Amino acid sequence: MIFQSENLIEVLLKVRDRKPVVHAITNWVTGNEVASALHAVGARPIMAISPEEVKEITSKAGALVLNLGTPSPARMEAMLLSGRQANQKGIPVLFDPVGVGASEFRIDSSGRILSELRVRVIRGNPSEIGILAGKGGQSAGVDSIEGPPVMDWAARSLSEKTGAVVVASGPEDLIVSSEKKAIVENGHPMMGLVTGMGCMLTGVIGAFHAVENDSLTAAVSATAFFGLAGEQAALKSNGPGTFKSAFLDALFSLTPDQMRKGMKIKS
Amino acid sequence: MIFQSENLIEVLLKVRDRKPVVHAITNWVTGNEVASALHAVGARPIMAISPEEVKEITSKAGALVLNLGTPSPARMEAMLLSGRQANQKGIPVLFDPVGVGASEFRIDSSGRILSELRVRVIRGNPSEIGILAGKGGQSAGVDSIEGPPVMDWAARSLSEKTGAVVVASGPEDLIVSSEKKAIVENGHPMMGLVTGMGCMLTGVIGAFHAVENDSLTAAVSATAFFGLAGEQAALKSNGPGTFKSAFLDALFSLTPDQMRKGMKIKS
Amino acid sequence: MIFQSENLIEVLLKVRDRKPVVHAITNWVTGNEVASALHAVGARPIMAISPEEVKEITSKAGALVLNLGTPSPARMEAMLLSGRQANQKGIPVLFDPVGVGASEFRIDSSGRILSELRVRVIRGNPSEIGILAGKGGQSAGVDSIEGPPVMDWAARSLSEKTGAVVVASGPEDLIVSSEKKAIVENGHPMMGLVTGMGCMLTGVIGAFHAVENDSLTAAVSATAFFGLAGEQAALKSNGPGTFKSAFLDALFSLTPDQMRKGMKIKS
């Protein structure tokens, strides 16, 4: 295995120790969940969106998370301002193309983000990754109906086009860079039925990336950790409402040892 | 009884099977709850609000839910754009006049929505329905203090004026079309004390309407189902916080048989 | 002790009895939590932000809560419109300088609010109070890293400069007016790890102030009550997710007798 367990666990420990600030320009539907997830893992969220302050706030952050849900021209402007600032300062930029297949506006906006900014990690569901890669995939609303015909090829292609590590979340999470690949098998089916899980995962990868410069290591560690938290939450819940509470608890309390024993990563 | 239990149950089954996309232009206070409720019943929410994309997103949806909470001229523009598109395409439009009694701006905005669009279902609390009908009622903030003196008459009058099925939620839910009437006695007092319950109900009626073209059947089925979920949640909770989690669980897991045995509908 | 327990308890009883409307112009990240907390204590939240309606809505409210999270020029305009209206009508104005240290824009915005409006209560974390007072303090994102070197002096100084009662929340809550001081020792460490707790507290102080004209009494009562609810919630939760649900339950159900026996206030 190319990923050493101890290296992946160390990223979690660094997040809890250093409590990095994560600037998330996210949508107003799941913004609270993203903030709650970031707090639960020990990070410090800030969700500024005004052109008047975003550059300054990005400058002080350890990572910048851009989320395409509920897009508008004003949010796009804020994302690009912050993204350029982050690129200049060497702060990692992550992108979550929520519902990119839902409108031309989202496709154009994603195109601008990926062409004008250097993005380190792109995380989406299979259809979002397929559509961004131009390799097919079908969505309904912001949900994935069907991934691209060849998921690996689409993710690899998007990674090569953008230079980003690409995370396609699903029953199995596929994570690829231009050279490497990992499959994370942690998680629980309930995670696909709960609002905001994808947005939270991108936020958490942001927190991990704030303390770990290698994008692939940050993404694999965060994704396995997040999936494990979902497995724990599923044991303590009776549906999507109690799941969400139990999931935040698990993000907060999951131990290095539970991570060591529970991670299922193939490469 | 004019409503056959099996017909009402079939609407729930269709929602869970077809997973309709519901476009909700809603407020930023309860948007997450509406999305969570829609996911819990098996639907696919999307909350787009930008003029740049709302028409396109409405076109692909099975229902459009317009919610007056936190209104602004920009949201109004988006609602009217989406509403016209939905009307052209035959997609059902639902309207939730949150806090209509709170300001002149909300009254004017509601007037525009009801005069410029064909709305299939209006759902509000008793004072909102009374005020919209011009038949009295008193509110405080977005809560109902007192319904109109004659609730039936107000709801019937609003239905006749607009052509919409009117749902006045309360300890008893009154549902009227121009010709028919139903009273749903399911529910629990805690539902009146929890943020976002009304907004969630309107969203859920939207999901039911996306798979059932008869507005009255969709509204009665969704309202009874929603009330039953509230009854289940009350048994598993100790206050408004645990209630909300248990309520989402119940929306997710309530069975056709529980609906068959538990529905209390008078007509 | 200068605060009589029975006087403090009476404020809670009045909130539950009169159900005051609280107009909160707050951020979109924690807006739902603030509304939920207000509902849980028995108040009626309304979160209007449009210049088209904010003056009218403030006029009908019992208190106005201004929250600096996710600021923008448009929100600032709404806050100032509402604030002037509240000042004219004698409606108490409360201010929560969320993340004031995060940007120049937040510092300038806070300066405008405090110079153009008469604010009755300012509530923040130690660094926010220190920074507003110009007496030091360090923040990361919207979290406090370090209070000012002399917290008492900073809070007293801010109170003298603005005429407001100042609440610096932390492991101990310091509450000062120009002449008096109280320390509330209720609370639980989990409260510092959960998204939105500060915003909720400011909202709850608003509800208490809506029924109690003395700012210091309202702030001390609400802060002790809120801390006690946190203590109760901690006993029934396993992390930040279940804590939040249990906390809303506790706000809803905490009894006068529990308040009588549990309050820890030093002056």
# chains A, B, ... in the order shown; residues from 1 in each chain; ligands from 1
call {"tool": "interface_residues", "arguments": {"of": "chain C", "to": "chain B", "cutoff": "10 Å", "atoms": "only C-alpha atoms", "output": "number ranges by chain"}}
result
C: 19-23, 26-58, 60-61, 242-253
call {"tool": "select_by_dssp", "arguments": {"residues": "range 9-132 of chain B", "states": "strand (DSSP E)", "output": "PyMOL selection string"}}
result
chain B and resi 21-25+44-46+63-67+93-96+121-124
call {"tool": "residues_around", "arguments": {"residues": "Val165 in chain C", "least_positions_apart": "6", "cutoff": "6 Å", "atoms": "only C-alpha atoms", "output": "JSON, numbers by chain"}}
result
{"C": [121, 159, 176, 177]}
call {"tool": "write_last_selection", "arguments": {"atoms": "C-alpha atoms", "output": "PDB file, in the first residue's frame"}}
result
ATOM      1  CA  VAL C 121     -25.922  44.995  24.941  1.00  0.00           C
ATOM      2  CA  SER C 159     -19.060  49.657  28.196  1.00  0.00           C
ATOM      3  CA  VAL C 176     -20.241  44.571  32.971  1.00  0.00           C
ATOM      4  CA  SER C 177     -22.067  47.848  32.888  1.00  0.00           C
TER       5      SER C 177
END
call {"tool": "select_by_dssp", "arguments": {"residues": "range 65-179 of chain C", "states": "alpha helix (DSSP H)", "output": "VMD selection string"}}
result
chain C and resid 73 to 89 104 to 116 126 to 133 151 to 162
call {"tool": "residues_around", "arguments": {"residues": "range 125-129 of chain A", "least_positions_apart": "6", "cutoff": "6 Å", "atoms": "only C-alpha atoms", "output": "count of residues only"}}
result
9
call {"tool": "decode", "arguments": {"residues": "range 50-62 of chain A", "atoms": "all heavy atoms", "output": "mmCIF file, in the first residue's frame"}}
result
data_model
loop_
_atom_site.group_PDB
_atom_site.id
_atom_site.type_symbol
_atom_site.label_atom_id
_atom_site.label_comp_id
_atom_site.auth_asym_id
_atom_site.auth_seq_id
_atom_site.Cartn_x
_atom_site.Cartn_y
_atom_site.Cartn_z
ATOM 1 N N SER A 50 -18.188 38.470 1.200
ATOM 2 C CA SER A 50 -18.229 39.811 0.614
ATOM 3 C C SER A 50 -16.905 40.174 -0.033
ATOM 4 O O SER A 50 -15.852 39.999 0.585
ATOM 5 C CB SER A 50 -18.526 40.853 1.693
ATOM 6 O OG SER A 50 -19.853 40.760 2.090
ATOM 7 N N PRO A 51 -16.966 40.727 -1.249
ATOM 8 C CA PRO A 51 -15.737 41.202 -1.891
ATOM 9 C C PRO A 51 -14.960 42.146 -0.979
ATOM 10 O O PRO A 51 -13.731 42.187 -1.039
ATOM 11 C CB PRO A 51 -16.255 41.948 -3.134
ATOM 12 C CG PRO A 51 -17.599 41.358 -3.407
ATOM 13 C CD PRO A 51 -18.154 40.923 -2.084
ATOM 14 N N GLU A 52 -15.674 42.861 -0.104
ATOM 15 C CA GLU A 52 -15.016 43.803 0.804
ATOM 16 C C GLU A 52 -14.018 43.128 1.747
ATOM 17 O O GLU A 52 -13.144 43.797 2.297
ATOM 18 C CB GLU A 52 -16.067 44.541 1.651
ATOM 19 C CG GLU A 52 -16.818 45.631 0.919
ATOM 20 C CD GLU A 52 -17.872 45.092 -0.042
ATOM 21 O OE1 GLU A 52 -18.146 43.870 -0.012
ATOM 22 O OE2 GLU A 52 -18.403 45.889 -0.829
ATOM 23 N N GLU A 53 -14.172 41.845 1.985
ATOM 24 C CA GLU A 53 -13.300 41.241 2.997
ATOM 25 C C GLU A 53 -12.688 39.892 2.618
ATOM 26 O O GLU A 53 -11.835 39.384 3.335
ATOM 27 C CB GLU A 53 -14.045 41.083 4.333
ATOM 28 C CG GLU A 53 -15.242 40.144 4.297
ATOM 29 C CD GLU A 53 -15.806 39.858 5.722
ATOM 30 O OE1 GLU A 53 -15.320 40.434 6.706
ATOM 31 O OE2 GLU A 53 -16.733 39.034 5.806
ATOM 32 N N VAL A 54 -13.139 39.303 1.513
ATOM 33 C CA VAL A 54 -12.717 37.918 1.276
ATOM 34 C C VAL A 54 -11.221 37.749 1.074
ATOM 35 O O VAL A 54 -10.630 36.761 1.523
ATOM 36 C CB VAL A 54 -13.487 37.237 0.113
ATOM 37 C CG1 VAL A 54 -14.916 36.947 0.521
ATOM 38 C CG2 VAL A 54 -13.400 38.025 -1.161
ATOM 39 N N LYS A 55 -10.577 38.699 0.389
ATOM 40 C CA LYS A 55 -9.138 38.537 0.174
ATOM 41 C C LYS A 55 -8.386 38.521 1.499
ATOM 42 O O LYS A 55 -7.517 37.689 1.734
ATOM 43 C CB LYS A 55 -8.598 39.674 -0.706
ATOM 44 C CG LYS A 55 -8.846 39.474 -2.189
ATOM 45 C CD LYS A 55 -8.408 40.661 -3.010
ATOM 46 C CE LYS A 55 -6.905 40.907 -2.914
ATOM 47 N NZ LYS A 55 -6.519 42.053 -3.793
ATOM 48 N N GLU A 56 -8.758 39.448 2.359
ATOM 49 C CA GLU A 56 -8.092 39.546 3.656
ATOM 50 C C GLU A 56 -8.314 38.269 4.475
ATOM 51 O O GLU A 56 -7.400 37.763 5.125
ATOM 52 C CB GLU A 56 -8.640 40.764 4.406
ATOM 53 C CG GLU A 56 -7.927 41.050 5.701
ATOM 54 C CD GLU A 56 -8.494 42.283 6.391
ATOM 55 O OE1 GLU A 56 -9.374 42.964 5.800
ATOM 56 O OE2 GLU A 56 -8.083 42.548 7.533
ATOM 57 N N ILE A 57 -9.517 37.765 4.416
ATOM 58 C CA ILE A 57 -9.839 36.577 5.215
ATOM 59 C C ILE A 57 -9.153 35.332 4.655
ATOM 60 O O ILE A 57 -8.625 34.512 5.403
ATOM 61 C CB ILE A 57 -11.366 36.440 5.361
ATOM 62 C CG1 ILE A 57 -11.807 37.446 6.440
ATOM 63 C CG2 ILE A 57 -11.779 35.017 5.700
ATOM 64 C CD1 ILE A 57 -13.278 37.640 6.584
ATOM 65 N N THR A 58 -9.125 35.229 3.340
ATOM 66 C CA THR A 58 -8.385 34.113 2.745
ATOM 67 C C THR A 58 -6.906 34.146 3.148
ATOM 68 O O THR A 58 -6.308 33.104 3.456
ATOM 69 C CB THR A 58 -8.497 34.158 1.211
ATOM 70 O OG1 THR A 58 -9.861 33.957 0.854
ATOM 71 C CG2 THR A 58 -7.653 33.071 0.565
ATOM 72 N N SER A 59 -6.335 35.347 3.162
ATOM 73 C CA SER A 59 -4.901 35.472 3.475
ATOM 74 C C SER A 59 -4.532 34.875 4.817
ATOM 75 O O SER A 59 -3.409 34.423 5.025
ATOM 76 C CB SER A 59 -4.482 36.948 3.502
ATOM 77 O OG SER A 59 -4.747 37.538 2.275
ATOM 78 N N LYS A 60 -5.484 34.919 5.743
ATOM 79 C CA LYS A 60 -5.194 34.420 7.093
ATOM 80 C C LYS A 60 -5.606 32.969 7.281
ATOM 81 O O LYS A 60 -5.489 32.430 8.381
ATOM 82 C CB LYS A 60 -5.945 35.277 8.121
ATOM 83 C CG LYS A 60 -5.580 36.758 8.114
ATOM 84 C CD LYS A 60 -6.512 37.523 9.063
ATOM 85 C CE LYS A 60 -6.287 39.021 9.001
ATOM 86 N NZ LYS A 60 -7.350 39.763 9.733
ATOM 87 N N ALA A 61 -6.134 32.347 6.216
ATOM 88 C CA ALA A 61 -6.649 30.984 6.363
ATOM 89 C C ALA A 61 -5.608 29.948 5.963
ATOM 90 O O ALA A 61 -4.653 30.247 5.252
ATOM 91 C CB ALA A 61 -7.908 30.811 5.519
ATOM 92 N N GLY A 62 -5.840 28.722 6.421
ATOM 93 C CA GLY A 62 -4.964 27.614 6.052
ATOM 94 C C GLY A 62 -5.417 26.883 4.807
ATOM 95 O O GLY A 62 -4.660 26.136 4.189
#
